[in-house]
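S.K.: I have a structure I would like to understand better, so I am pasting it below and will then ask my questions one at a time.
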Amino acid sequence: MSPAPANAFGPPKPLHAAFGWITLLFFVFTQAYAVATSPADALMGHLQKIMYVHVPSAWVEFAAFGVVLLSSLYFLWKEDERADLLAAASAEVGSVFCGLTLVQGMIWGRPTWGVWWTWDARLTSTLVLFLIFVGYLALRSFVEDPHRRGQWSAAVGIIGAINVPIVWMSVKWWRTMHQIQSNPRSLSPEYLRGLLLNLAAFTLITAWFIWRRYEAARYERAAEHVSQAAALGGYDG
């Protein structure tokens, strides 16, 4: 397995910091633009505007778990610990957005369905996805050997990512209260513009979060290597 460099992490480089600030400002702009330019929906009123955070949260959650899948497969093939660290970083960020998706869905469901939660196929499959990746992160915290941790978590990550298309297709495969996914042809332009802008903003934010978490993970792994070398008498500071 390839060791992580000792100087993998540190204060954000100027370019990285600039990207982070630009992404944040773009996110604020897209939210303000979507809310300000979209009229109240005929049925849901202004509650419809939760779409501008709910749909992008679900999208980037799926994208992050897709990175987990690809990174986990690459780790099992090449045993490159950088792939393991990228998978772990993506799983952390994806789990956060998956949790946000569930909470946002509950906020939308209470006035729409009259309940905070129902064992609907879409909600239940999303909850299962969230629990799988919480278990993935818990597993990583309990296994000390890096190689074994990478192998076991890769297996769980692959299984979890396989659940993504189940979540996506749940509204078509089973009877469900959740509406079928919208598409560009079914949305009015005033809604579509704000949604597409927020999809872009959320994607950039997710990429930033994953990259910074990956850098931090490389730093943590480098510290593990130093600690192991010191324990074996192979590191003198």
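Chain lettering (A, B, ...) mirrors the order of the structure tokens, residue numbering begins at 1 for each chain separately, and ligand numbering begins at 1 in order of display.
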Output as a tab-separated table one row per residue of segment 45-92 of chain A within 12 Å of segment 135-151 of chain A: the closest atom pair and its distance in Å to one decimal place, counting only C-alpha atoms, sorted by chain and residue number ascending.

M.R.:
```
residue	atom	partner	partner_atom	distance
A:Phe65	CA	A:Tyr136	CA	11.6
A:Val68	CA	A:Tyr136	CA	10.7
A:Ser71	CA	A:Gly150	CA	10.6
A:Ser72	CA	A:Gly150	CA	8.1
A:Leu73	CA	A:Gln151	CA	9.8
A:Tyr74	CA	A:Gln151	CA	10.9
A:Phe75	CA	A:Gly150	CA	7.6
A:Leu76	CA	A:Gln151	CA	6.6
A:Trp77	CA	A:Gln151	CA	10.3
A:Lys78	CA	A:Gln151	CA	11.4
A:Glu79	CA	A:His147	CA	8.1
A:Asp80	CA	A:Gly150	CA	9.5
A:Glu81	CA	A:Gly150	CA	7.5
A:Arg82	CA	A:Gly150	CA	10.2
A:Ala83	CA	A:Gly150	CA	9.1
A:Asp84	CA	A:Gly150	CA	5.7
A:Leu85	CA	A:Gly150	CA	8.4
A:Leu86	CA	A:Gly150	CA	10.9
A:Ala87	CA	A:Gly150	CA	9.2
A:Ala88	CA	A:Leu137	CA	7.5
A:Ala89	CA	A:Leu137	CA	9.8
A:Ser90	CA	A:Leu137	CA	10.7
A:Ala91	CA	A:Leu137	CA	7.5
A:Glu92	CA	A:Leu137	CA	7.2
```

S.K.: Go ahead and write the selection's residues with N, CA and C atoms as an mmCIF file, in the first residue's frame.

M.R.:
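Saved file again_2.cif follows:
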```
data_model
loop_
_atom_site.group_PDB
_atom_site.id
_atom_site.type_symbol
_atom_site.label_atom_id
_atom_site.label_comp_id
_atom_site.auth_asym_id
_atom_site.auth_seq_id
_atom_site.Cartn_x
_atom_site.Cartn_y
_atom_site.Cartn_z
ATOM 1 N N PHE A 65 -21.870 8.941 -3.183
ATOM 2 C CA PHE A 65 -21.844 7.493 -3.009
ATOM 3 C C PHE A 65 -21.352 6.795 -4.277
ATOM 4 N N VAL A 68 -17.745 6.746 -3.807
ATOM 5 C CA VAL A 68 -17.419 5.658 -2.869
ATOM 6 C C VAL A 68 -17.321 4.340 -3.625
ATOM 7 N N SER A 71 -14.146 4.338 -5.963
ATOM 8 C CA SER A 71 -12.923 4.331 -5.162
ATOM 9 C C SER A 71 -12.735 2.998 -4.446
ATOM 10 N N SER A 72 -13.839 2.430 -3.961
ATOM 11 C CA SER A 72 -13.763 1.141 -3.264
ATOM 12 C C SER A 72 -13.345 0.032 -4.216
ATOM 13 N N LEU A 73 -13.899 0.032 -5.418
ATOM 14 C CA LEU A 73 -13.510 -0.967 -6.411
ATOM 15 C C LEU A 73 -12.036 -0.822 -6.772
ATOM 16 N N TYR A 74 -11.584 0.409 -6.925
ATOM 17 C CA TYR A 74 -10.178 0.642 -7.264
ATOM 18 C C TYR A 74 -9.259 0.195 -6.122
ATOM 19 N N PHE A 75 -9.697 0.439 -4.888
ATOM 20 C CA PHE A 75 -8.879 0.007 -3.748
ATOM 21 C C PHE A 75 -8.758 -1.513 -3.721
ATOM 22 N N LEU A 76 -9.844 -2.215 -3.922
ATOM 23 C CA LEU A 76 -9.794 -3.678 -3.910
ATOM 24 C C LEU A 76 -8.941 -4.211 -5.053
ATOM 25 N N TRP A 77 -8.864 -3.453 -6.145
ATOM 26 C CA TRP A 77 -8.069 -3.886 -7.289
ATOM 27 C C TRP A 77 -6.589 -3.575 -7.094
ATOM 28 N N LYS A 78 -6.278 -2.332 -6.733
ATOM 29 C CA LYS A 78 -4.889 -1.882 -6.674
ATOM 30 C C LYS A 78 -4.331 -1.800 -5.252
ATOM 31 N N GLU A 79 -5.197 -1.847 -4.249
ATOM 32 C CA GLU A 79 -4.792 -1.681 -2.847
ATOM 33 C C GLU A 79 -4.026 -0.371 -2.638
ATOM 34 N N ASP A 80 -4.508 0.663 -3.276
ATOM 35 C CA ASP A 80 -3.938 2.003 -3.129
ATOM 36 C C ASP A 80 -4.720 2.719 -2.025
ATOM 37 N N GLU A 81 -4.036 3.042 -0.930
ATOM 38 C CA GLU A 81 -4.763 3.608 0.208
ATOM 39 C C GLU A 81 -5.349 4.980 -0.090
ATOM 40 N N ARG A 82 -4.855 5.654 -1.110
ATOM 41 C CA ARG A 82 -5.457 6.935 -1.482
ATOM 42 C C ARG A 82 -6.905 6.743 -1.939
ATOM 43 N N ALA A 83 -7.166 5.641 -2.613
ATOM 44 C CA ALA A 83 -8.544 5.341 -3.030
ATOM 45 C C ALA A 83 -9.420 5.065 -1.815
ATOM 46 N N ASP A 84 -8.855 4.381 -0.818
ATOM 47 C CA ASP A 84 -9.599 4.114 0.414
ATOM 48 C C ASP A 84 -9.937 5.420 1.126
ATOM 49 N N LEU A 85 -8.988 6.334 1.181
ATOM 50 C CA LEU A 85 -9.222 7.615 1.850
ATOM 51 C C LEU A 85 -10.235 8.466 1.088
ATOM 52 N N LEU A 86 -10.184 8.415 -0.247
ATOM 53 C CA LEU A 86 -11.170 9.160 -1.039
ATOM 54 C C LEU A 86 -12.566 8.579 -0.825
ATOM 55 N N ALA A 87 -12.665 7.254 -0.761
ATOM 56 C CA ALA A 87 -13.959 6.621 -0.504
ATOM 57 C C ALA A 87 -14.509 7.047 0.851
ATOM 58 N N ALA A 88 -13.643 7.062 1.860
ATOM 59 C CA ALA A 88 -14.080 7.447 3.206
ATOM 60 C C ALA A 88 -14.530 8.903 3.241
ATOM 61 N N ALA A 89 -13.761 9.784 2.584
ATOM 62 C CA ALA A 89 -14.140 11.205 2.551
ATOM 63 C C ALA A 89 -15.483 11.389 1.852
ATOM 64 N N SER A 90 -15.677 10.698 0.757
ATOM 65 C CA SER A 90 -16.941 10.807 0.016
ATOM 66 C C SER A 90 -18.101 10.246 0.817
ATOM 67 N N ALA A 91 -17.844 9.158 1.557
ATOM 68 C CA ALA A 91 -18.903 8.564 2.385
ATOM 69 C C ALA A 91 -19.331 9.523 3.489
ATOM 70 N N GLU A 92 -18.384 10.229 4.089
ATOM 71 C CA GLU A 92 -18.726 11.191 5.132
ATOM 72 C C GLU A 92 -19.599 12.313 4.573
#
```

S.K.: My list of candidates is A:Phe133, A:Gly157, A:Val93, A:Trp152. Which is closest to Tyr214 of chain A when distances are computed with only C-alpha atoms?

M.R.: A:Val93

S.K.: May I have the residues within 12 Å of segment 185-198 of chain A as a count of residues only, using only C-alpha atoms and disregarding those fewer than 6 positions away in the same chain?

M.R.: 36

S.K.: I need the residues in segment 14-218 of chain A that are helix (DSSP H, G or I) according to DSSP; give them as a ChimeraX atom specification.

M.R.: /A:14-37,46-78,81-113,121-142,146-173,184-186,189-218
